[in-house]
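So this one's run37.cif, mmCIF, C-alpha atoms:
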data_start
#
loop_
_atom_site.label_atom_id
_atom_site.label_comp_id
_atom_site.auth_asym_id
_atom_site.auth_seq_id
_atom_site.Cartn_x
_atom_site.Cartn_y
_atom_site.Cartn_z
CA MET O 21 10.39 25.86 -20.13
CA ARG O 22 13.02 24.76 -17.68
CA SER O 23 11.20 26.36 -14.76
CA ARG O 24 8.03 24.51 -15.75
CA ILE O 25 9.84 21.18 -15.71
CA VAL O 26 11.35 21.96 -12.32
CA PHE O 27 7.93 22.95 -11.00
CA ALA O 28 6.21 19.82 -12.31
CA ALA O 29 8.97 17.49 -11.09
CA SER O 30 9.10 19.00 -7.62
CA GLY O 31 5.30 18.96 -7.46
CA ILE O 32 5.20 15.26 -8.29
CA ILE O 33 7.92 14.37 -5.77
CA ILE O 34 6.43 16.47 -2.96
CA PHE O 35 2.89 15.18 -3.43
CA LEU O 36 4.11 11.60 -3.69
CA LEU O 37 6.11 11.93 -0.48
CA LEU O 38 3.15 13.44 1.33
CA GLN O 39 0.90 10.74 -0.08
CA THR O 40 3.04 7.88 1.18
CA THR O 41 4.08 9.25 4.56
CA ILE O 42 2.05 11.71 6.58
CA LEU O 43 -1.24 11.63 4.69
CA GLU O 44 -2.44 8.72 6.82
CA TYR O 45 -2.92 11.15 9.70
CA ILE O 46 -5.67 13.00 7.85
CA GLU O 47 -7.52 9.88 6.79
CA ILE O 48 -11.28 9.99 7.24
CA ASN O 49 -12.87 6.55 7.50
CA ASN O 50 -9.63 5.05 6.19
CA ILE O 51 -9.89 7.08 3.00
CA LYS O 52 -7.19 9.49 1.97
CA PRO O 53 -7.24 11.93 -0.93
CA ASN O 54 -5.22 11.30 -4.08
CA LEU O 55 -3.07 14.43 -4.28
CA LEU O 56 -1.23 13.31 -7.41
CA LEU O 57 -4.49 12.93 -9.31
CA VAL O 58 -5.52 16.44 -8.31
CA PHE O 59 -2.10 17.70 -9.41
CA ILE O 60 -2.40 15.97 -12.79
CA VAL O 61 -5.85 17.47 -13.38
CA SER O 62 -4.76 20.97 -12.29
CA VAL O 63 -1.70 21.02 -14.54
CA ALA O 64 -3.62 19.59 -17.48
CA LEU O 65 -6.38 22.20 -17.12
CA LEU O 66 -3.91 25.07 -17.11
CA ARG O 67 -1.32 23.84 -19.58
CA GLY O 68 -3.18 21.80 -22.19
CA ASN O 69 -3.00 18.23 -23.36
CA LEU O 70 0.71 17.83 -24.20
CA GLU O 71 2.07 19.02 -20.87
CA GLY O 72 -0.87 17.38 -19.10
CA ALA O 73 -0.06 14.01 -20.65
CA VAL O 74 3.69 14.22 -19.93
CA ASN O 75 3.05 15.34 -16.36
CA GLY O 76 0.46 12.59 -15.89
CA PHE O 77 2.83 9.99 -17.27
CA PHE O 78 5.62 10.83 -14.84
CA ALA O 79 3.29 11.22 -11.86
CA GLY O 80 1.82 7.80 -12.63
CA LEU O 81 5.26 6.30 -13.08
CA THR O 82 6.36 7.37 -9.59
CA TRP O 83 3.15 5.90 -8.20
CA ASP O 84 3.92 2.65 -10.01
CA ILE O 85 7.38 2.52 -8.49
CA VAL O 86 6.18 3.15 -4.96
CA SER O 87 3.10 0.96 -4.87
CA GLY O 88 2.32 -0.70 -8.18
CA LYS O 89 2.23 -4.43 -8.71
CA VAL O 90 3.42 -3.92 -12.29
CA ILE O 91 5.28 -0.92 -13.68
CA GLY O 92 3.35 1.05 -16.28
CA PHE O 93 -0.28 0.75 -15.19
CA TYR O 94 -0.62 4.02 -13.32
CA ALA O 95 1.71 5.72 -15.82
CA LEU O 96 -0.67 4.81 -18.63
CA LEU O 97 -3.68 5.90 -16.61
CA GLY O 98 -2.06 9.19 -15.62
CA MET O 99 -1.05 9.91 -19.19
CA TYR O 100 -4.56 9.43 -20.53
CA LEU O 101 -6.06 11.43 -17.68
CA GLY O 102 -3.76 14.38 -18.43
CA LEU O 103 -4.41 14.03 -22.14
CA VAL O 104 -8.20 13.95 -21.90
CA VAL O 105 -8.53 16.73 -19.33
CA GLY O 106 -5.96 18.82 -21.21
CA SER O 107 -7.80 18.40 -24.50
CA LEU O 108 -10.99 19.75 -22.98
CA ASN O 109 -9.38 22.89 -21.59
CA LYS O 110 -9.56 25.03 -24.75
CA ARG O 111 -13.30 25.51 -24.56
CA ILE O 112 -13.68 26.47 -20.93
CA TYR O 113 -12.48 29.03 -18.46
CA ARG O 114 -9.22 27.48 -17.47
CA ASP O 115 -8.45 29.11 -14.17
CA ASN O 116 -11.96 29.12 -12.80
CA ILE O 117 -11.90 27.24 -9.50
CA PHE O 118 -15.35 25.69 -9.98
CA VAL O 119 -14.37 24.24 -13.32
CA ALA O 120 -11.32 22.74 -11.65
CA LEU O 121 -13.41 21.28 -8.82
CA PHE O 122 -15.90 19.78 -11.25
CA PHE O 123 -13.10 18.21 -13.29
CA THR O 124 -11.37 16.87 -10.19
CA PHE O 125 -14.56 15.27 -8.96
CA SER O 126 -15.54 13.62 -12.22
CA SER O 127 -12.05 12.47 -13.13
CA SER O 128 -11.58 11.02 -9.62
CA ILE O 129 -14.64 8.87 -10.16
CA VAL O 130 -13.56 7.74 -13.62
CA TYR O 131 -9.94 7.14 -12.57
CA GLU O 132 -10.77 5.13 -9.46
CA THR O 133 -13.38 3.13 -11.36
CA VAL O 134 -10.72 2.11 -13.87
CA VAL O 135 -8.35 1.17 -11.01
CA TYR O 136 -11.20 -0.81 -9.43
CA PHE O 137 -11.94 -2.59 -12.69
CA PHE O 138 -8.39 -3.75 -13.34
CA GLY O 139 -7.21 -4.13 -9.76
CA VAL O 140 -10.27 -5.60 -8.06
CA PHE O 141 -13.08 -6.52 -10.44
CA LEU O 142 -10.96 -8.74 -12.67
CA LYS O 143 -9.72 -10.56 -9.59
CA GLY O 144 -13.15 -11.77 -8.63
CA ASN O 145 -14.79 -9.06 -6.55
CA THR O 146 -17.79 -7.87 -8.53
CA ASP O 147 -19.52 -5.78 -5.91
CA TYR O 148 -19.10 -2.36 -7.53
CA ILE O 149 -21.78 -0.57 -5.52
CA ASN O 150 -20.05 -1.38 -2.26
CA SER O 151 -16.66 -0.21 -3.53
CA PHE O 152 -18.27 2.90 -4.97
CA THR O 153 -19.98 3.98 -1.78
CA LYS O 154 -17.12 3.00 0.49
CA ILE O 155 -14.05 4.08 -1.48
CA ILE O 156 -14.62 5.82 -4.80
CA PHE O 157 -17.25 8.39 -3.83
CA PRO O 158 -15.70 9.48 -0.50
CA GLU O 159 -12.32 9.72 -2.16
CA ALA O 160 -13.73 11.89 -4.97
CA LEU O 161 -15.23 14.25 -2.39
CA TYR O 162 -11.98 14.38 -0.48
CA ASN O 163 -10.03 15.00 -3.69
CA THR O 164 -12.35 17.85 -4.57
CA ALA O 165 -11.77 19.42 -1.17
CA SER O 166 -8.00 19.16 -1.50
CA ALA O 167 -8.20 20.52 -5.06
CA ILE O 168 -9.08 23.94 -3.65
CA LEU O 169 -5.59 24.21 -2.16
CA ILE O 170 -3.63 22.40 -4.85
CA PHE O 171 -5.27 24.22 -7.74
CA TYR O 172 -4.56 27.53 -6.03
CA ILE O 173 -0.86 26.60 -5.69
CA VAL O 174 -0.63 25.48 -9.33
CA VAL O 175 -2.38 28.64 -10.61
CA ARG O 176 -0.08 30.88 -8.58
CA ALA O 177 3.03 29.07 -9.78
CA ASP O 178 1.80 29.19 -13.36
CA ARG O 179 1.21 32.95 -13.20
CA ARG O 180 4.61 33.55 -11.67
CA ILE O 181 6.35 31.51 -14.36
CA ASN O 182 4.40 33.34 -17.09
CA LYS O 183 5.41 36.70 -15.64
CA ALA O 184 9.06 35.71 -15.42
CA GLN O 185 9.01 34.57 -19.03
CA LYS O 186 7.42 37.81 -20.20
CA LEU O 187 10.12 39.76 -18.40
CA LEU O 188 12.77 37.65 -20.07
CA ARG O 189 11.30 38.30 -23.48
CA LYS O 190 11.35 42.05 -22.91
CA TYR O 191 15.10 42.24 -22.60
CA MET D 11 8.15 7.01 -41.55
CA LEU D 12 9.77 9.98 -39.82
CA HIS D 13 6.87 12.33 -40.33
CA LEU D 14 4.74 9.89 -38.35
CA LEU D 15 6.87 10.56 -35.28
CA LYS D 16 5.74 14.18 -35.24
CA LYS D 17 2.07 13.33 -34.91
CA LYS D 18 0.58 13.29 -31.42
CA PRO D 19 -1.76 10.29 -31.80
CA PHE D 20 1.09 8.19 -33.09
CA ILE D 21 3.34 9.07 -30.14
CA ILE D 22 0.52 8.29 -27.72
CA LEU D 23 -0.11 4.95 -29.38
CA LEU D 24 3.61 4.17 -29.26
CA VAL D 25 3.89 5.05 -25.57
CA THR D 26 0.79 2.96 -24.83
CA ILE D 27 2.22 -0.07 -26.58
CA VAL D 28 5.60 0.33 -24.87
CA LEU D 29 3.87 0.60 -21.49
CA PHE D 30 1.85 -2.55 -22.15
CA ILE D 31 5.10 -4.39 -22.91
CA VAL D 32 6.69 -2.98 -19.74
CA MET D 33 3.67 -4.13 -17.73
CA GLY D 34 4.00 -7.59 -19.20
CA ILE D 35 7.66 -7.80 -18.36
CA THR D 36 7.37 -6.44 -14.82
CA SER D 37 4.39 -8.59 -13.95
CA LYS D 38 6.74 -11.52 -14.21
CA TYR D 39 8.60 -12.35 -11.11
CA ASN D 40 12.18 -11.08 -10.68
CA SER D 41 12.16 -8.97 -13.80
CA LYS D 42 15.23 -7.13 -14.98
CA LEU D 43 13.48 -3.78 -15.10
CA GLY D 44 13.50 -3.57 -11.32
CA TRP D 45 16.70 -1.51 -11.26
CA PHE D 46 14.73 1.46 -12.51
CA GLY D 47 12.38 1.42 -9.56
CA ASN D 48 15.24 0.69 -7.22
CA LEU D 49 17.08 3.79 -8.34
CA PHE D 50 14.07 5.97 -7.66
CA ASN D 51 13.32 4.33 -4.33
CA THR D 52 16.93 4.69 -3.21
CA ILE D 53 16.71 8.43 -3.76
CA VAL D 54 13.28 8.85 -2.22
CA SER D 55 13.43 6.47 0.75
CA PRO D 56 15.66 8.61 3.04
CA ILE D 57 13.20 11.49 2.70
CA GLN D 58 10.27 9.16 3.36
CA ASN D 59 12.13 7.87 6.39
CA VAL D 60 12.49 11.37 7.83
CA LEU D 61 8.86 12.31 7.09
CA THR D 62 7.39 9.15 8.61
CA PHE D 63 9.62 9.50 11.64
CA THR D 64 8.54 13.11 12.22
CA GLY D 65 4.91 12.17 11.64
CA ASN D 66 5.08 9.46 14.27
CA LYS D 67 6.87 11.78 16.69
CA VAL D 68 4.29 14.54 16.28
CA ASP D 69 1.46 12.06 16.66
CA ARG D 70 2.98 10.72 19.85
CA THR D 71 3.67 14.16 21.29
CA LEU D 72 0.07 15.20 20.69
CA SER D 73 -1.35 12.08 22.27
CA TYR D 74 1.03 12.51 25.24
CA PHE D 75 -1.17 15.20 26.75
CA ASN D 76 -4.40 13.27 26.30
CA ASP D 77 -3.27 9.95 27.57
CA ASN D 78 -1.74 10.90 30.90
CA LYS D 79 -4.54 9.70 33.14
CA LYS D 80 -5.19 6.63 31.07
CA ILE D 81 -1.54 5.68 31.17
CA ARG D 82 -1.39 5.92 34.95
CA GLU D 83 -4.33 3.56 35.31
CA GLU D 84 -2.85 1.25 32.74
CA ASN D 85 0.47 1.32 34.55
CA ASP D 86 -1.10 0.11 37.79
CA ASN D 87 -2.89 -2.69 35.98
CA LEU D 88 0.25 -3.68 34.15
CA LYS D 89 2.26 -3.87 37.37
CA LYS D 90 -0.25 -6.32 38.78
CA ARG D 91 -0.15 -8.25 35.55
CA ILE D 92 3.66 -8.45 35.67
CA ASP D 93 3.53 -10.10 39.07
CA GLU D 94 1.07 -12.68 37.81
CA LEU D 95 3.02 -13.31 34.67
CA GLU D 96 6.31 -13.70 36.47
CA LYS D 97 4.83 -16.48 38.51
CA GLU D 98 3.45 -18.10 35.40
CA ASN D 99 6.75 -17.60 33.61
CA GLU D 100 8.62 -19.67 36.18
CA ASP D 101 6.31 -22.60 35.60
CA LEU D 102 6.54 -22.21 31.86
CA LYS D 103 10.31 -22.15 31.86
CA GLU D 104 10.33 -25.51 33.49
CA LEU D 105 7.85 -26.78 30.91
CA LYS D 106 9.94 -25.35 28.10
CA THR D 107 13.10 -27.16 29.10
CA ARG D 108 11.14 -30.36 29.35
CA ASN D 109 9.49 -29.72 26.00
CA ASP D 110 12.83 -29.00 24.34
CA MET D 111 14.24 -32.22 25.69
CA LEU D 112 11.27 -34.21 24.43
CA LEU D 113 11.33 -32.52 21.01
CA GLU D 114 14.97 -33.32 20.66
CA ALA D 115 14.36 -36.88 21.65
CA LEU D 116 11.57 -37.20 19.08
CA ASN D 117 13.56 -35.29 16.45
CA ILE D 118 10.89 -32.67 15.73
CA LYS D 119 12.30 -29.40 14.45
CA ASN D 120 10.77 -26.02 15.04
CA GLN D 121 11.04 -24.25 11.70
CA LEU D 122 11.00 -20.81 13.22
CA LYS D 123 14.17 -21.47 15.14
CA GLU D 124 16.09 -21.64 11.90
CA PHE D 125 15.58 -17.92 11.29
CA ASP D 126 17.20 -14.70 12.39
CA TYR D 127 15.04 -11.61 12.82
CA ILE D 128 16.04 -8.44 11.01
CA SER D 129 14.41 -5.40 12.58
CA THR D 130 13.06 -2.81 10.13
CA ASN D 131 10.88 0.30 10.12
CA ILE D 132 8.00 1.05 7.81
CA ILE D 133 8.93 4.22 5.96
CA ALA D 134 6.05 4.53 3.50
CA LYS D 135 2.45 3.36 3.46
CA ASP D 136 0.39 2.63 0.39
CA PRO D 137 -0.52 5.91 -1.33
CA GLY D 138 -3.93 4.75 -2.57
CA ASN D 139 -7.11 3.41 -1.05
CA TRP D 140 -7.31 0.02 -2.76
CA PHE D 141 -4.25 -1.98 -1.87
CA ASN D 142 -2.00 -2.57 1.09
CA ILE D 143 1.61 -2.40 0.04
CA PHE D 144 4.19 -0.65 2.19
CA THR D 145 7.91 0.11 2.06
CA ILE D 146 10.47 -0.89 4.68
CA ASP D 147 13.89 0.64 5.20
CA LYS D 148 16.08 -2.44 4.67
CA GLY D 149 16.87 -4.03 1.33
CA SER D 150 19.01 -6.62 -0.35
CA THR D 151 22.18 -5.18 1.26
CA ASN D 152 20.71 -6.35 4.57
CA ALA D 153 19.67 -9.76 3.24
CA VAL D 154 16.04 -8.77 2.67
CA ASN D 155 15.24 -10.56 -0.59
CA ASN D 156 12.20 -11.17 -2.75
CA ASN D 157 9.72 -13.39 -0.92
CA SER D 158 11.35 -12.89 2.45
CA VAL D 159 8.71 -13.29 5.14
CA VAL D 160 7.71 -10.26 7.20
CA VAL D 161 6.33 -10.66 10.71
CA ALA D 162 5.50 -8.39 13.65
CA SER D 163 5.85 -9.32 17.29
CA LYS D 164 2.33 -10.79 17.33
CA GLY D 165 2.06 -12.57 14.01
CA LEU D 166 2.37 -12.68 10.25
CA VAL D 167 2.43 -9.40 8.29
CA GLY D 168 3.20 -10.44 4.72
CA ARG D 169 6.02 -11.04 2.32
CA VAL D 170 8.53 -8.93 0.41
CA MET D 171 7.30 -8.30 -3.12
CA VAL D 172 10.29 -6.44 -4.60
CA SER D 173 13.50 -5.68 -2.79
CA GLY D 174 15.86 -2.91 -3.79
CA PRO D 175 19.31 -2.29 -2.33
CA PHE D 176 18.14 -0.06 0.54
CA SER D 177 14.39 -0.54 0.69
CA ALA D 178 11.81 -3.20 -0.06
CA LYS D 179 8.13 -3.30 -0.97
CA VAL D 180 6.05 -5.56 1.26
CA ILE D 181 2.62 -6.92 0.35
CA SER D 182 0.59 -7.51 3.49
CA ILE D 183 -1.79 -10.42 4.02
CA ILE D 184 -4.88 -8.17 3.88
CA ASP D 185 -4.06 -7.04 0.31
CA ILE D 186 -6.45 -8.58 -2.21
CA ASP D 187 -3.58 -10.14 -4.18
CA SER D 188 -2.17 -11.94 -1.18
CA SER D 189 -2.90 -15.59 -0.57
CA VAL D 190 -1.44 -17.61 2.28
CA SER D 191 -1.81 -21.31 2.83
CA ALA D 192 -2.87 -21.74 6.43
CA ARG D 193 -4.23 -24.28 8.85
CA LEU D 194 -6.20 -24.37 12.05
CA THR D 195 -4.05 -24.79 15.11
CA LYS D 196 -6.76 -26.91 16.73
CA ASN D 197 -7.21 -29.71 14.24
CA ARG D 198 -4.67 -29.10 11.44
CA GLY D 199 -7.30 -28.53 8.75
CA LEU D 200 -5.79 -26.83 5.69
CA VAL D 201 -7.34 -23.55 4.50
CA ASP D 202 -6.43 -20.47 2.42
CA VAL D 203 -6.25 -16.97 3.82
CA LYS D 204 -6.81 -14.14 1.35
CA GLY D 205 -7.29 -10.40 1.48
CA ASP D 206 -10.66 -8.89 0.66
CA ILE D 207 -11.54 -5.42 -0.60
CA THR D 208 -14.51 -4.91 1.71
CA LEU D 209 -12.62 -6.08 4.80
CA ARG D 210 -9.35 -4.30 4.05
CA ASP D 211 -10.21 -1.01 5.72
CA GLN D 212 -11.06 -2.82 8.95
CA GLY D 213 -7.79 -4.73 8.81
CA LEU D 214 -9.46 -8.13 8.42
CA CYS D 215 -9.06 -10.94 5.88
CA LYS D 216 -11.01 -13.94 4.60
CA MET D 217 -10.52 -17.68 4.98
CA TYR D 218 -11.48 -19.84 2.00
CA ASN D 219 -11.42 -23.50 1.02
CA ILE D 220 -12.58 -24.83 4.32
CA ASP D 221 -13.05 -28.55 4.05
CA PRO D 222 -16.68 -29.53 4.82
CA GLY D 223 -15.53 -32.08 7.34
CA VAL D 224 -13.40 -29.67 9.34
CA ASP D 225 -14.86 -28.40 12.55
CA ILE D 226 -14.34 -24.65 13.00
CA ALA D 227 -15.59 -22.22 15.59
CA VAL D 228 -15.31 -18.52 16.35
CA GLY D 229 -12.10 -17.81 18.26
CA ASP D 230 -10.09 -20.63 16.70
CA SER D 231 -6.50 -19.70 16.03
CA VAL D 232 -5.08 -19.90 12.50
CA GLU D 233 -1.39 -20.27 11.60
CA THR D 234 0.69 -20.71 8.45
CA SER D 235 0.86 -24.24 7.15
CA GLY D 236 4.21 -24.21 5.38
CA VAL D 237 2.62 -25.48 2.16
CA GLY D 238 3.84 -23.50 -0.82
CA GLY D 239 7.31 -22.87 0.44
CA ILE D 240 7.27 -19.10 1.02
CA PHE D 241 5.94 -18.93 4.55
CA PRO D 242 7.51 -21.22 7.13
CA LYS D 243 5.26 -23.41 9.23
CA GLY D 244 3.70 -22.23 12.46
CA ILE D 245 3.55 -18.42 12.31
CA LYS D 246 0.37 -17.13 13.90
CA ILE D 247 -1.98 -15.36 11.48
CA GLY D 248 -4.95 -14.57 13.67
CA GLU D 249 -8.26 -15.76 15.03
CA ILE D 250 -11.58 -16.57 13.42
CA LYS D 251 -13.96 -13.68 14.01
CA GLU D 252 -17.05 -14.79 12.16
CA ILE D 253 -18.20 -17.79 10.10
CA ARG D 254 -20.51 -17.21 7.14
CA GLN D 255 -22.49 -19.72 5.10
CA VAL D 256 -22.77 -18.90 1.42
CA ASN D 257 -25.44 -21.17 -0.06
CA ASN D 258 -25.64 -24.23 2.07
CA GLU D 259 -24.13 -25.84 5.12
CA LEU D 260 -21.03 -27.05 3.29
CA ASP D 261 -20.11 -23.88 1.41
CA ARG D 262 -18.73 -21.45 3.92
CA TYR D 263 -16.02 -18.94 4.55
CA ALA D 264 -14.72 -17.28 7.67
CA ILE D 265 -13.52 -13.79 8.51
CA ILE D 266 -10.20 -13.67 10.27
CA GLU D 267 -8.99 -11.00 12.60
CA PRO D 268 -5.20 -10.92 12.14
CA ALA D 269 -3.08 -10.92 15.26
CA VAL D 270 -1.33 -7.86 13.84
CA ASP D 271 -3.13 -4.50 13.86
CA PHE D 272 -2.49 -3.25 10.33
CA ASN D 273 -3.64 0.28 11.05
CA ARG D 274 -0.95 0.82 13.65
CA LEU D 275 1.98 -0.99 12.21
CA GLU D 276 5.38 0.69 12.68
CA ASP D 277 8.14 -1.81 13.32
CA VAL D 278 8.30 -5.17 11.61
CA PHE D 279 10.81 -8.01 11.38
CA VAL D 280 12.06 -9.80 8.32
CA LEU D 281 12.93 -13.47 8.67
CA LYS D 282 16.38 -14.44 7.45
CA SER D 283 17.37 -18.05 7.22
CA LYS D 284 20.41 -18.90 9.32
CA LYS D 285 21.87 -21.23 6.75
#
As structure tokens:
Amino acid sequence: MRSRIVFAASGIIIFLLLQTTILEYIEINNIKPNLLLVFIVSVALLRGNLEGAVNGFFAGLTWDIVSGKVIGFYALLGMYLGLVVGSLNKRIYRDNIFVALFFTFSSSIVYETVVYFFGVFLKGNTDYINSFTKIIFPEALYNTASAILIFYIVVRADRRINKAQKLLRKY
Amino acid sequence: MLHLLKKKPFIILLVTIVLFIVMGITSKYNSKLGWFGNLFNTIVSPIQNVLTFTGNKVDRTLSYFNDNKKIREENDNLKKRIDELEKENEDLKELKTRNDMLLEALNIKNQLKEFDYISTNIIAKDPGNWFNIFTIDKGSTNAVNNNSVVVASKGLVGRVMVSGPFSAKVISIIDIDSSVSARLTKNRGLVDVKGDITLRDQGLCKMYNIDPGVDIAVGDSVETSGVGGIFPKGIKIGEIKEIRQVNNELDRYAIIEPAVDFNRLEDVFVLKSKK
């Protein structure tokens, strides 16, 4: 359990630091991927809804602290994202990469649409199509591409932790 | 009552309600919950500082090899330009002393002279693709407070949204939640400058509330008006790039190209009142 918490916490911190500092160098058309979202989805797929929701909550909270205009918005969003994706994971092949890519893509679109609705739409900009083609869709594609790497890392770490715990139980 | 606490939906509902309350509290200005964010930012900001610094260094080293020829050409041009400017500078110095004398005689104060400039680095950019909030490496220990004004060498950048002890969050003028009261340098007409979601990625912003009687043209310079009390009077914002009519001749807005290039922002200054 402790190793899982350490893994999740270090994952959140590392992806947040990358996100805020050197990710701007790999921007395409001023769009950068959302690594934390991919991390939330990957952990939720592998570990189920409880861990997914807790992980999503803390990942969102750090995002709130770094960039949010209020504290709690991204935390709430992250929590529900982890919860929903984690609840769906019992019926599918969890560590299949294509399942992960599909979930990353669709949850990126839903997540960013919610951010658009509360952050932009309610403030008077009602041109959803423009925002969708310029920001949401390219970002979802970019997220999906980065999910290949992040999901691989999360799967590897998960297997290693599982193995270590099995060894512990033996003795 | 206690058995409720063991059920997942109940916990989720509870967390949701608590978060809504937290959102309500923190959306208010100067809330007390800021210490929590400050603590986190204080831990994280040194690491961000190192990462951004290395990123910039690597970027510069890579471009070093490409730019060599271009730089040589530019250097020659700049040398010529320096000669011209030095000549011009001499004339302007004379004008400045005369201007200062006249201003003093007429008792007109330049608001910007009442400020000190605190030099800061940007250590973190906005993580997402919607907004434009960044973090700087000085905080309330260096007299960077909430609503301090942030400028770059060329013009206005934004204002401090939340300041922690060693870092501060800055909301730039191209963010959609930013609104600056401005006026045209040419004829003193009052306008509003706001960020716009479709213009954000190009680093542009929008100018609203243009009085029908005011004469504007492409290329006109826009500066802060001092109305509202956050931004002092007379900081350059940018130039009008395009004027668009909405429905009729009287209803129009303009697109402003800020004097600051928001895609390549590294060092900024925070204004600190001398008093």
Would you kindly return, as a PyMOL selection string, each protein, DNA or RNA residue with an atom no farther than 8 Å from any atom of Asp206 (chain D), considering only C-alpha atoms and excluding same-chain residues fewer than 5 positions away?
-> chain D and resi 184-186+214-216
Please produce a file of the residues just selected, as a compact mmCIF listing (two decimals), in the coordinates of the input, where the atoms kept are C-alpha atoms.
# COMPACT_ATOMS: atom_id res chain seq x y z
CA ILE D 184 -4.88 -8.17 3.88
CA ASP D 185 -4.06 -7.04 0.31
CA ILE D 186 -6.45 -8.58 -2.21
CA LEU D 214 -9.46 -8.13 8.42
CA CYS D 215 -9.06 -10.94 5.88
CA LYS D 216 -11.01 -13.94 4.60
Using the chain letters and residue numbers of this document, give as a PyMOL selection string the residues selected by the PyMOL selection byres ((chain D and resi 140) around 12).
-> (chain O and resi 50-52+54+87-88+132-141+151-152+154-156+159) or (chain D and resi 136-139+141-143+184-187+205-211)
Mind telling me what the PyMOL selection byres ((chain O) within 6 of (chain D)) catches here, as a count of residues only?
-> 8
Convert the output of the PyMOL selection byres ((chain D and resi 246) around 6) on the shown file into explicit residues, formatted as a PDB file with C-alpha atoms, keeping the file's coordinate frame.
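The result, stored in expr.pdb:
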ATOM      1  CA  GLY D 165       2.060 -12.570  14.010  1.00  0.00           C
ATOM      2  CA  GLU D 233      -1.390 -20.270  11.600  1.00  0.00           C
ATOM      3  CA  ILE D 245       3.550 -18.420  12.310  1.00  0.00           C
ATOM      4  CA  ILE D 247      -1.980 -15.360  11.480  1.00  0.00           C
ATOM      5  CA  GLY D 248      -4.950 -14.570  13.670  1.00  0.00           C
TER       6      GLY D 248
END
Spatial neighbours of Leu57 (chain O), max dist 9 Å, only C-alpha atoms, sep filter under 6 positions, as a ChimeraX atom specification = /O:76,79-80,98,101,124,127-128,131,163
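Atom to atom, CA of Leu36 (chain O) and CA of Ile53 (chain D) stand 13.0 Å apart.
Across the structure, CA of Thr71 (chain D) and CA of Lys148 (chain D) are spaced 26.6 Å apart.
Taking CA of Ser158 (chain D) and CA of Gly236 (chain D) as the two end points, the separation is 13.7 Å.
Residue nearest Ser166 (chain O) within the list O:Phe118, O:Arg67, O:Val86, O:Pro53: O:Pro53 [criterion: smallest interatomic distance, all atoms listed in the file].
Considering all atoms listed in the file, the residue among D:Val190, D:Val161, D:Leu88, D:Val68 positioned nearest to Gly238 (chain D) is D:Val190.
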